[in-house]
Amino acid sequence: MNLTDKYIQYLNQVSWIVAEIPLLVPPAIVAYLFYPDIDYHVKLVIVGFLSVVVALFNSYIGVRAVFKKDIETTFNFLVLPFSMAAFVLCLGFI
C-alpha cells in the first residue's frame, strides 16, 4: 500500500473533525484568495500556494475515485471540498 492509499484510507475512516482540516481548509483558503478587498502579504501567498497544491492533490484523488466508482472517496475528496469553496466564495461576495 503506497502513501496515497494510506492517506485515502485514513481520511475515509477518521472522524469528521479530523478529516475537515486537510479536506476543507485548503479549498476555503483558495476561495478566500478571490475575495475582492484582500491585501496579499507574503505569508498569505505562501499559505495560498500550499493550499492550491493540497487542493489539487485532493481533487486528483477525487477524480481518480470517480473512475474507480468509489462513492465515499469521491464525496470526501471532490464534493465536500468544492462545496466548501463555493460556500466561502458566496460568503465573500455577498
# chains A, B, ... in the order shown; residues from 1 in each chain; ligands from 1
>>> residues_around(residues="range 90-94 of chain A", least_positions_apart="5", cutoff="10 Å", atoms="only C-alpha atoms", output="PyMOL selection string")
chain A and resi 31-37+84-85
>>> write_last_selection(atoms="all heavy atoms", output="mmCIF file, in the first residue's frame")
data_model
loop_
_atom_site.group_PDB
_atom_site.id
_atom_site.type_symbol
_atom_site.label_atom_id
_atom_site.label_comp_id
_atom_site.auth_asym_id
_atom_site.auth_seq_id
_atom_site.Cartn_x
_atom_site.Cartn_y
_atom_site.Cartn_z
ATOM 1 N N ALA A 31 -10.384 29.763 -2.091
ATOM 2 C CA ALA A 31 -11.533 30.609 -2.405
ATOM 3 C C ALA A 31 -11.401 31.981 -1.760
ATOM 4 O O ALA A 31 -11.807 32.988 -2.339
ATOM 5 C CB ALA A 31 -12.815 29.925 -1.933
ATOM 6 N N TYR A 32 -10.800 32.044 -0.568
ATOM 7 C CA TYR A 32 -10.594 33.320 0.119
ATOM 8 C C TYR A 32 -9.662 34.238 -0.676
ATOM 9 O O TYR A 32 -9.787 35.458 -0.623
ATOM 10 C CB TYR A 32 -10.025 33.057 1.513
ATOM 11 C CG TYR A 32 -9.688 34.299 2.291
ATOM 12 C CD1 TYR A 32 -10.694 35.102 2.812
ATOM 13 C CD2 TYR A 32 -8.373 34.662 2.517
ATOM 14 C CE1 TYR A 32 -10.388 36.247 3.530
ATOM 15 C CE2 TYR A 32 -8.058 35.802 3.231
ATOM 16 C CZ TYR A 32 -9.063 36.587 3.733
ATOM 17 O OH TYR A 32 -8.763 37.715 4.426
ATOM 18 N N LEU A 33 -8.751 33.661 -1.438
ATOM 19 C CA LEU A 33 -7.825 34.463 -2.234
ATOM 20 C C LEU A 33 -8.541 35.243 -3.337
ATOM 21 O O LEU A 33 -8.005 36.205 -3.868
ATOM 22 C CB LEU A 33 -6.739 33.570 -2.852
ATOM 23 C CG LEU A 33 -5.767 32.936 -1.862
ATOM 24 C CD1 LEU A 33 -4.829 32.000 -2.598
ATOM 25 C CD2 LEU A 33 -4.987 33.985 -1.104
ATOM 26 N N PHE A 34 -9.766 34.833 -3.701
ATOM 27 C CA PHE A 34 -10.537 35.549 -4.716
ATOM 28 C C PHE A 34 -11.396 36.662 -4.123
ATOM 29 O O PHE A 34 -12.107 37.331 -4.859
ATOM 30 C CB PHE A 34 -11.438 34.565 -5.479
ATOM 31 C CG PHE A 34 -10.671 33.631 -6.349
ATOM 32 C CD1 PHE A 34 -10.526 32.307 -6.005
ATOM 33 C CD2 PHE A 34 -10.082 34.090 -7.519
ATOM 34 C CE1 PHE A 34 -9.818 31.439 -6.812
ATOM 35 C CE2 PHE A 34 -9.370 33.235 -8.335
ATOM 36 C CZ PHE A 34 -9.240 31.901 -7.974
ATOM 37 N N TYR A 35 -11.337 36.858 -2.812
ATOM 38 C CA TYR A 35 -12.105 37.922 -2.171
ATOM 39 C C TYR A 35 -11.632 39.270 -2.715
ATOM 40 O O TYR A 35 -10.431 39.503 -2.858
ATOM 41 C CB TYR A 35 -11.925 37.844 -0.652
ATOM 42 C CG TYR A 35 -12.830 38.751 0.111
ATOM 43 C CD1 TYR A 35 -14.186 38.496 0.206
ATOM 44 C CD2 TYR A 35 -12.326 39.882 0.745
ATOM 45 C CE1 TYR A 35 -15.028 39.331 0.910
ATOM 46 C CE2 TYR A 35 -13.157 40.727 1.442
ATOM 47 C CZ TYR A 35 -14.507 40.450 1.522
ATOM 48 O OH TYR A 35 -15.348 41.287 2.213
ATOM 49 N N PRO A 36 -12.543 40.182 -3.057
ATOM 50 C CA PRO A 36 -12.138 41.400 -3.785
ATOM 51 C C PRO A 36 -11.278 42.389 -2.999
ATOM 52 O O PRO A 36 -10.430 43.043 -3.581
ATOM 53 C CB PRO A 36 -13.471 42.034 -4.187
ATOM 54 C CG PRO A 36 -14.508 41.397 -3.362
ATOM 55 C CD PRO A 36 -13.975 40.075 -2.906
ATOM 56 N N ASP A 37 -11.473 42.524 -1.710
ATOM 57 C CA ASP A 37 -10.752 43.546 -0.943
ATOM 58 C C ASP A 37 -9.706 42.917 -0.034
ATOM 59 O O ASP A 37 -9.702 43.142 1.178
ATOM 60 C CB ASP A 37 -11.742 44.353 -0.094
ATOM 61 C CG ASP A 37 -12.766 45.061 -0.955
ATOM 62 O OD1 ASP A 37 -12.406 45.464 -2.073
ATOM 63 O OD2 ASP A 37 -13.917 45.191 -0.512
ATOM 64 N N MET A 84 -17.392 23.442 -0.181
ATOM 65 C CA MET A 84 -16.835 24.384 0.795
ATOM 66 C C MET A 84 -16.264 25.605 0.083
ATOM 67 O O MET A 84 -16.465 26.744 0.531
ATOM 68 C CB MET A 84 -15.748 23.717 1.626
ATOM 69 C CG MET A 84 -15.055 24.667 2.571
ATOM 70 S SD MET A 84 -16.180 25.488 3.689
ATOM 71 C CE MET A 84 -15.762 24.722 5.193
ATOM 72 N N ALA A 85 -15.590 25.412 -1.038
ATOM 73 C CA ALA A 85 -15.054 26.545 -1.792
ATOM 74 C C ALA A 85 -16.183 27.422 -2.325
ATOM 75 O O ALA A 85 -16.100 28.651 -2.268
ATOM 76 C CB ALA A 85 -14.178 26.046 -2.937
#
>>> closest_residue(among="A:Ala28, A:Ile21, A:Val47, A:Val42", to="Val88 in chain A", atoms="only C-alpha atoms")
A:Ala28
>>> residues_around(residues="Ile61 in chain A", least_positions_apart="3", cutoff="10 Å", atoms="only C-alpha atoms", output="count of residues only")
15
>>> select_by_dssp(residues="chain A", states="helix (DSSP H, G or I)", output="ChimeraX atom specification")
/A:3-13,16-32,42-68,71-93
>>> atom_distance(atom1="CA of Ser59 in chain A", atom2="CA of Glu20 in chain A")
14.6 Å
>>> closest_residue(among="A:Phe75, A:Leu3, A:Leu11, A:Pro22", to="Val53 in chain A", atoms="only C-alpha atoms")
A:Pro22
>>> closest_residue(among="A:Ala19, A:Leu24, A:Val14, A:Val63", to="Ser83 in chain A", atoms="only C-alpha atoms")
A:Leu24
>>> atom_distance(atom1="CA of Phe49 in chain A", atom2="CA of Val30 in chain A")
8.4 Å
>>> closest_residue(among="A:Val54, A:Ile46, A:Ile38, A:Leu23", to="Phe82 in chain A", atoms="only C-alpha atoms")
A:Leu23
>>> decode(residues="range 13-26 of chain A", atoms="all heavy atoms", output="mmCIF file, in the first residue's frame")
data_model
loop_
_atom_site.group_PDB
_atom_site.id
_atom_site.type_symbol
_atom_site.label_atom_id
_atom_site.label_comp_id
_atom_site.auth_asym_id
_atom_site.auth_seq_id
_atom_site.Cartn_x
_atom_site.Cartn_y
_atom_site.Cartn_z
ATOM 1 N N GLN A 13 -11.683 6.945 7.124
ATOM 2 C CA GLN A 13 -12.047 6.227 8.347
ATOM 3 C C GLN A 13 -12.077 7.094 9.604
ATOM 4 O O GLN A 13 -12.694 6.699 10.579
ATOM 5 C CB GLN A 13 -11.083 5.062 8.576
ATOM 6 C CG GLN A 13 -11.231 3.970 7.554
ATOM 7 C CD GLN A 13 -10.234 2.857 7.771
ATOM 8 O OE1 GLN A 13 -9.344 2.969 8.601
ATOM 9 N NE2 GLN A 13 -10.380 1.786 7.013
ATOM 10 N N VAL A 14 -11.434 8.241 9.591
ATOM 11 C CA VAL A 14 -11.389 9.060 10.800
ATOM 12 C C VAL A 14 -12.678 9.851 10.961
ATOM 13 O O VAL A 14 -13.518 9.903 10.067
ATOM 14 C CB VAL A 14 -10.185 10.028 10.802
ATOM 15 C CG1 VAL A 14 -8.897 9.273 10.801
ATOM 16 C CG2 VAL A 14 -10.250 10.997 9.657
ATOM 17 N N SER A 15 -12.791 10.499 12.090
ATOM 18 C CA SER A 15 -13.996 11.282 12.359
ATOM 19 C C SER A 15 -14.016 12.540 11.501
ATOM 20 O O SER A 15 -13.017 12.950 10.920
ATOM 21 C CB SER A 15 -14.053 11.669 13.833
ATOM 22 O OG SER A 15 -13.044 12.617 14.121
ATOM 23 N N TRP A 16 -15.178 13.167 11.452
ATOM 24 C CA TRP A 16 -15.390 14.355 10.634
ATOM 25 C C TRP A 16 -14.484 15.503 11.084
ATOM 26 O O TRP A 16 -13.977 16.263 10.268
ATOM 27 C CB TRP A 16 -16.856 14.730 10.731
ATOM 28 C CG TRP A 16 -17.176 16.025 10.101
ATOM 29 C CD1 TRP A 16 -17.469 17.183 10.730
ATOM 30 C CD2 TRP A 16 -17.230 16.307 8.702
ATOM 31 N NE1 TRP A 16 -17.716 18.173 9.810
ATOM 32 C CE2 TRP A 16 -17.571 17.653 8.564
ATOM 33 C CE3 TRP A 16 -17.018 15.554 7.566
ATOM 34 C CZ2 TRP A 16 -17.701 18.255 7.318
ATOM 35 C CZ3 TRP A 16 -17.153 16.155 6.332
ATOM 36 C CH2 TRP A 16 -17.491 17.492 6.226
ATOM 37 N N ILE A 17 -14.263 15.638 12.376
ATOM 38 C CA ILE A 17 -13.459 16.743 12.908
ATOM 39 C C ILE A 17 -12.022 16.653 12.410
ATOM 40 O O ILE A 17 -11.417 17.657 12.034
ATOM 41 C CB ILE A 17 -13.496 16.738 14.451
ATOM 42 C CG1 ILE A 17 -14.932 16.831 14.964
ATOM 43 C CG2 ILE A 17 -12.647 17.836 15.036
ATOM 44 C CD1 ILE A 17 -15.650 18.092 14.553
ATOM 45 N N VAL A 18 -11.453 15.454 12.396
ATOM 46 C CA VAL A 18 -10.067 15.287 11.955
ATOM 47 C C VAL A 18 -9.955 15.437 10.442
ATOM 48 O O VAL A 18 -9.008 16.017 9.933
ATOM 49 C CB VAL A 18 -9.538 13.907 12.408
ATOM 50 C CG1 VAL A 18 -8.150 13.649 11.881
ATOM 51 C CG2 VAL A 18 -9.563 13.811 13.925
ATOM 52 N N ALA A 19 -10.934 14.945 9.705
ATOM 53 C CA ALA A 19 -10.861 14.948 8.240
ATOM 54 C C ALA A 19 -11.111 16.325 7.647
ATOM 55 O O ALA A 19 -10.705 16.579 6.525
ATOM 56 C CB ALA A 19 -11.862 13.952 7.673
ATOM 57 N N GLU A 20 -11.766 17.217 8.385
ATOM 58 C CA GLU A 20 -12.092 18.515 7.781
ATOM 59 C C GLU A 20 -10.870 19.394 7.592
ATOM 60 O O GLU A 20 -10.873 20.249 6.709
ATOM 61 C CB GLU A 20 -13.140 19.243 8.590
ATOM 62 C CG GLU A 20 -12.658 19.837 9.872
ATOM 63 C CD GLU A 20 -13.766 20.512 10.639
ATOM 64 O OE1 GLU A 20 -14.925 20.174 10.460
ATOM 65 O OE2 GLU A 20 -13.419 21.392 11.436
ATOM 66 N N ILE A 21 -9.822 19.195 8.358
ATOM 67 C CA ILE A 21 -8.637 20.051 8.240
ATOM 68 C C ILE A 21 -7.950 19.882 6.876
ATOM 69 O O ILE A 21 -7.812 20.860 6.142
ATOM 70 C CB ILE A 21 -7.672 19.823 9.415
ATOM 71 C CG1 ILE A 21 -8.354 20.271 10.705
ATOM 72 C CG2 ILE A 21 -6.356 20.562 9.205
ATOM 73 C CD1 ILE A 21 -7.623 19.879 11.955
ATOM 74 N N PRO A 22 -7.526 18.665 6.473
ATOM 75 C CA PRO A 22 -6.874 18.574 5.155
ATOM 76 C C PRO A 22 -7.835 18.596 3.981
ATOM 77 O O PRO A 22 -7.420 18.835 2.851
ATOM 78 C CB PRO A 22 -6.131 17.242 5.212
ATOM 79 C CG PRO A 22 -6.871 16.437 6.200
ATOM 80 C CD PRO A 22 -7.435 17.399 7.205
ATOM 81 N N LEU A 23 -9.134 18.369 4.220
ATOM 82 C CA LEU A 23 -10.074 18.313 3.106
ATOM 83 C C LEU A 23 -10.793 19.632 2.848
ATOM 84 O O LEU A 23 -11.031 19.990 1.699
ATOM 85 C CB LEU A 23 -11.118 17.218 3.339
ATOM 86 C CG LEU A 23 -10.607 15.785 3.267
ATOM 87 C CD1 LEU A 23 -11.717 14.818 3.562
ATOM 88 C CD2 LEU A 23 -10.002 15.499 1.923
ATOM 89 N N LEU A 24 -11.162 20.376 3.885
ATOM 90 C CA LEU A 24 -11.992 21.557 3.704
ATOM 91 C C LEU A 24 -11.249 22.880 3.857
ATOM 92 O O LEU A 24 -11.652 23.876 3.277
ATOM 93 C CB LEU A 24 -13.169 21.523 4.676
ATOM 94 C CG LEU A 24 -14.121 20.343 4.506
ATOM 95 C CD1 LEU A 24 -15.249 20.443 5.507
ATOM 96 C CD2 LEU A 24 -14.658 20.265 3.108
ATOM 97 N N VAL A 25 -10.174 22.903 4.623
ATOM 98 C CA VAL A 25 -9.460 24.160 4.829
ATOM 99 C C VAL A 25 -8.716 24.629 3.574
ATOM 100 O O VAL A 25 -8.818 25.812 3.212
ATOM 101 C CB VAL A 25 -8.521 24.051 6.054
ATOM 102 C CG1 VAL A 25 -7.621 25.252 6.170
ATOM 103 C CG2 VAL A 25 -9.346 23.891 7.319
ATOM 104 N N PRO A 26 -7.984 23.767 2.837
ATOM 105 C CA PRO A 26 -7.290 24.276 1.634
ATOM 106 C C PRO A 26 -8.200 24.892 0.579
ATOM 107 O O PRO A 26 -7.904 25.987 0.096
ATOM 108 C CB PRO A 26 -6.549 23.040 1.098
ATOM 109 C CG PRO A 26 -6.329 22.204 2.295
ATOM 110 C CD PRO A 26 -7.559 22.401 3.141
#
